[in-house]
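Q: Structure in structure tokens, see below.
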Amino acid sequence: MKKLVVALGFAASCLLGTPVLADWAKTVADAKGQTVYFNAWGGDPRTNAFIDWVSEQMQAHYGVTVTQVKLSDTAEAVSRVQAEKAAGKDSRGAVDLIWINGPNFLAMKQAGLLAGPFLTDLPNATYLDLAPGSAATTDFTIPTEGYESPWRLAKFVFAYDADRVNDLPEDMAGLGAWAAAHPGRFTHPNPANFMGATFLKQALVEMAPDPEALAKPVTDAAYAQQTAPLWAWYDALRPNMWHHGRDFPENESAQAQLLADGETDFAMFFDPAAPAAMIQQQVLPPSVRVWVPKDGSIGNMSFVAIPYNAAHRAGAEVVANFLLDPATQAHMQNIDVLGSYSVLDPAKLDAAAKADFAALPSAPALPTLADLGPTLPEPHPSWMTRITEDWAKRYTQ
């Protein structure tokens, strides 16, 4: 905790250095006493505990309380803001901060439902790579234009039981061949769930004849051409899956339980540290390891955004800035806390911050950034909507 206090004290000592940071001092003053309603997915106990810790730190250092509104789907918060807009409630809204990505961000941005831009107003944004097109400035190919602030790194990975799997495939095409050689030992979450949709997107990105076409909004002609290899591959994969591809686990937690019970040999996550964390929790066996296709996997940064009518905008900005503090990011990356990888640019960190990250504990199932390989860009949000709808028509009727 001492390191965190030092980092916050240093930031405070710099507040009056420029007009922008002088404005920030006013933001901090305005935030004192506010309660920020942070709408965030509530399905991960470790993330929930981390947000509780954030609230404790915000109260201690800024007099700001963070209350997590636990969501089962981010769309719940989006719908709430949309309903307030329709009712003419343009101030004192119920949502102050949202953990948001992709289609939900695009929908709010297009509808004018976001406050900002605010990212460059945050002092700790100086630790980010904000070059045009960087991961910190792009969300599912959509330029964020400062209407979102990153807070954790997300990357698609597979988990497998090394005691049962000794012939890992190299890529998604190879996964189809592996499933044919090991019938019933592989499945994926229902694509109605984000994780199942991400599995299909990973295959699409690897197999599309023209991957650059995926960065643009989908058209009928492009869809037919780019998804033809995907559906041919999936048609061959499906009968070799668990329950012959007729049933699917509801979400990543249900699939992890299948792996833990020995019913299947793989699971999948959008948090590379999740398998190591679940081993610590004795949810998964110690023999579980992480696998990533040889050419990399889909990844992005998770962001927070502020609705246009947030009742406590100053507090929300202070929370977003706190999430970017190097000490906060190092605490978050600790596998004993949350294990989520930092969004900060290592080249922008000072020696003390670099040492803090270097000293973090490791674990056999915790991959390094080098282990994770290249990060493949997310397709435009319209592709995910289209392939999940198409999957449902093809395989559930």
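Each chain of the structure tokens is named A, B, ... in the order shown, its residues numbered from 1; ligands are numbered from 1 in display order.
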Identify all residues of range 137-363 of chain A in alpha helix (DSSP H) (DSSP on the backbone) and supply them as a CSV table (one decimal) with C-alpha atoms, in the first residue's frame.
A:
chain,number,residue,atom,x,y,z
A,172,MET,CA,-7.9,-23.0,-35.5
A,173,ALA,CA,-7.7,-25.2,-38.6
A,174,GLY,CA,-5.5,-27.6,-36.6
A,175,LEU,CA,-8.1,-27.5,-33.8
A,176,GLY,CA,-10.6,-29.0,-36.2
A,177,ALA,CA,-8.2,-31.9,-36.9
A,178,TRP,CA,-7.6,-32.3,-33.2
A,179,ALA,CA,-11.3,-32.6,-32.5
A,180,ALA,CA,-11.6,-35.2,-35.2
A,181,ALA,CA,-8.9,-37.2,-33.6
A,194,PHE,CA,-19.6,-13.2,-25.7
A,195,MET,CA,-17.1,-16.0,-25.2
A,196,GLY,CA,-18.7,-18.2,-27.8
A,197,ALA,CA,-18.9,-15.3,-30.2
A,198,THR,CA,-15.2,-14.6,-29.7
A,199,PHE,CA,-14.4,-18.2,-30.5
A,200,LEU,CA,-16.1,-17.8,-33.9
A,201,LYS,CA,-14.4,-14.4,-34.5
A,202,GLN,CA,-11.0,-16.0,-33.8
A,203,ALA,CA,-11.7,-18.6,-36.5
A,204,LEU,CA,-13.0,-15.9,-38.8
A,205,VAL,CA,-9.9,-13.7,-38.4
A,206,GLU,CA,-7.6,-16.7,-39.1
A,207,MET,CA,-9.6,-18.0,-42.1
A,220,ASP,CA,-23.8,-9.0,-47.8
A,221,ALA,CA,-21.1,-9.6,-50.5
A,222,ALA,CA,-18.2,-9.3,-48.1
A,223,TYR,CA,-19.9,-11.6,-45.6
A,224,ALA,CA,-20.5,-14.3,-48.1
A,225,GLN,CA,-16.9,-14.3,-49.3
A,226,GLN,CA,-15.1,-13.9,-45.9
A,227,THR,CA,-17.2,-16.4,-43.9
A,228,ALA,CA,-17.3,-19.2,-46.5
A,229,PRO,CA,-14.1,-20.9,-45.1
A,230,LEU,CA,-15.4,-20.4,-41.5
A,231,TRP,CA,-18.6,-22.2,-42.0
A,232,ALA,CA,-17.0,-25.0,-44.0
A,233,TRP,CA,-14.5,-25.5,-41.1
A,234,TYR,CA,-17.3,-25.4,-38.5
A,235,ASP,CA,-19.5,-27.9,-40.4
A,236,ALA,CA,-16.6,-30.4,-40.2
A,237,LEU,CA,-15.9,-29.5,-36.5
A,252,GLU,CA,-17.0,-19.6,-19.9
A,253,SER,CA,-17.6,-20.5,-16.3
A,254,ALA,CA,-19.8,-23.5,-17.4
A,255,GLN,CA,-17.1,-24.6,-19.9
A,256,ALA,CA,-14.4,-24.3,-17.2
A,257,GLN,CA,-16.4,-26.7,-15.1
A,258,LEU,CA,-16.5,-29.2,-17.9
A,259,LEU,CA,-12.7,-29.0,-18.1
A,260,ALA,CA,-12.4,-29.3,-14.3
A,274,ALA,CA,-8.0,-16.6,-15.6
A,275,PRO,CA,-6.7,-20.2,-15.7
A,276,ALA,CA,-3.9,-19.4,-13.2
A,277,ALA,CA,-6.4,-17.7,-10.9
A,278,MET,CA,-8.8,-20.6,-11.1
A,279,ILE,CA,-6.1,-23.0,-10.2
A,280,GLN,CA,-5.4,-20.9,-7.1
A,313,ARG,CA,-19.0,13.0,-13.8
A,314,ALA,CA,-16.1,14.5,-11.7
A,315,GLY,CA,-16.0,11.4,-9.5
A,316,ALA,CA,-16.1,9.1,-12.6
A,317,GLU,CA,-13.1,10.9,-14.1
A,318,VAL,CA,-11.2,10.5,-10.9
A,319,VAL,CA,-11.9,6.8,-10.8
A,320,ALA,CA,-10.9,6.4,-14.4
A,321,ASN,CA,-7.6,8.2,-13.7
A,322,PHE,CA,-7.0,6.1,-10.6
A,323,LEU,CA,-7.4,2.9,-12.7
A,326,PRO,CA,1.0,2.6,-12.4
A,327,ALA,CA,0.6,1.5,-8.8
A,328,THR,CA,-3.0,0.5,-9.4
A,329,GLN,CA,-2.1,-1.3,-12.6
A,330,ALA,CA,0.6,-3.3,-10.9
A,331,HIS,CA,-1.7,-4.2,-8.1
A,332,MET,CA,-4.3,-5.3,-10.6
A,333,GLN,CA,-1.8,-7.4,-12.5
A,351,ALA,CA,12.4,2.8,-13.1
A,352,ALA,CA,10.4,2.4,-9.8
A,353,ALA,CA,7.2,1.4,-11.7
A,354,LYS,CA,9.1,-1.0,-13.9
A,355,ALA,CA,10.6,-2.6,-10.8
A,356,ASP,CA,7.1,-3.0,-9.3
A,357,PHE,CA,5.9,-4.9,-12.4
A,358,ALA,CA,9.1,-7.0,-12.5
Q: Kindly give the distance, in Å, that separates CA of Pro211 in chain A and CA of Ala154 in chain A, rounded to a single decimal.
A: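 Interatomic distance here is 20.5 Å.
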Q: Rank A:Glu170, A:Glu84, A:Asp90, A:Asp23 by their smallest atom-to-atom distance to Asn309 in chain A, using only C-alpha atoms, and report the top residue only.
A: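 Result for the nearest residue to Asn309 in chain A: A:Asp90.
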Q: With only C-alpha atoms counted and 10 Å as the cut-off, give the residues of range 135-230 of chain A in contact with range 362-372 of chain A, each with its shortest interatomic distance in Å and the pair that gives it, as a tab-separated table.
A:
residue	atom	partner	partner_atom	distance
A:Lys155	CA	A:Leu372	CA	8.3
A:Phe156	CA	A:Leu372	CA	9.1
A:Val157	CA	A:Leu372	CA	8.1
A:Ala159	CA	A:Ala365	CA	8.9
Q: Can you list, as a list in words, every protein, DNA or RNA residue that comes within 7 Å of Val64 in chain A when you count only C-alpha atoms, leaving out same-chain residues fewer than 4 positions away?
A: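 The neighbour list is Ala31, Lys32, Gly33, Gln34, Thr35, Met58, Gln59 and Gly315 of chain A.
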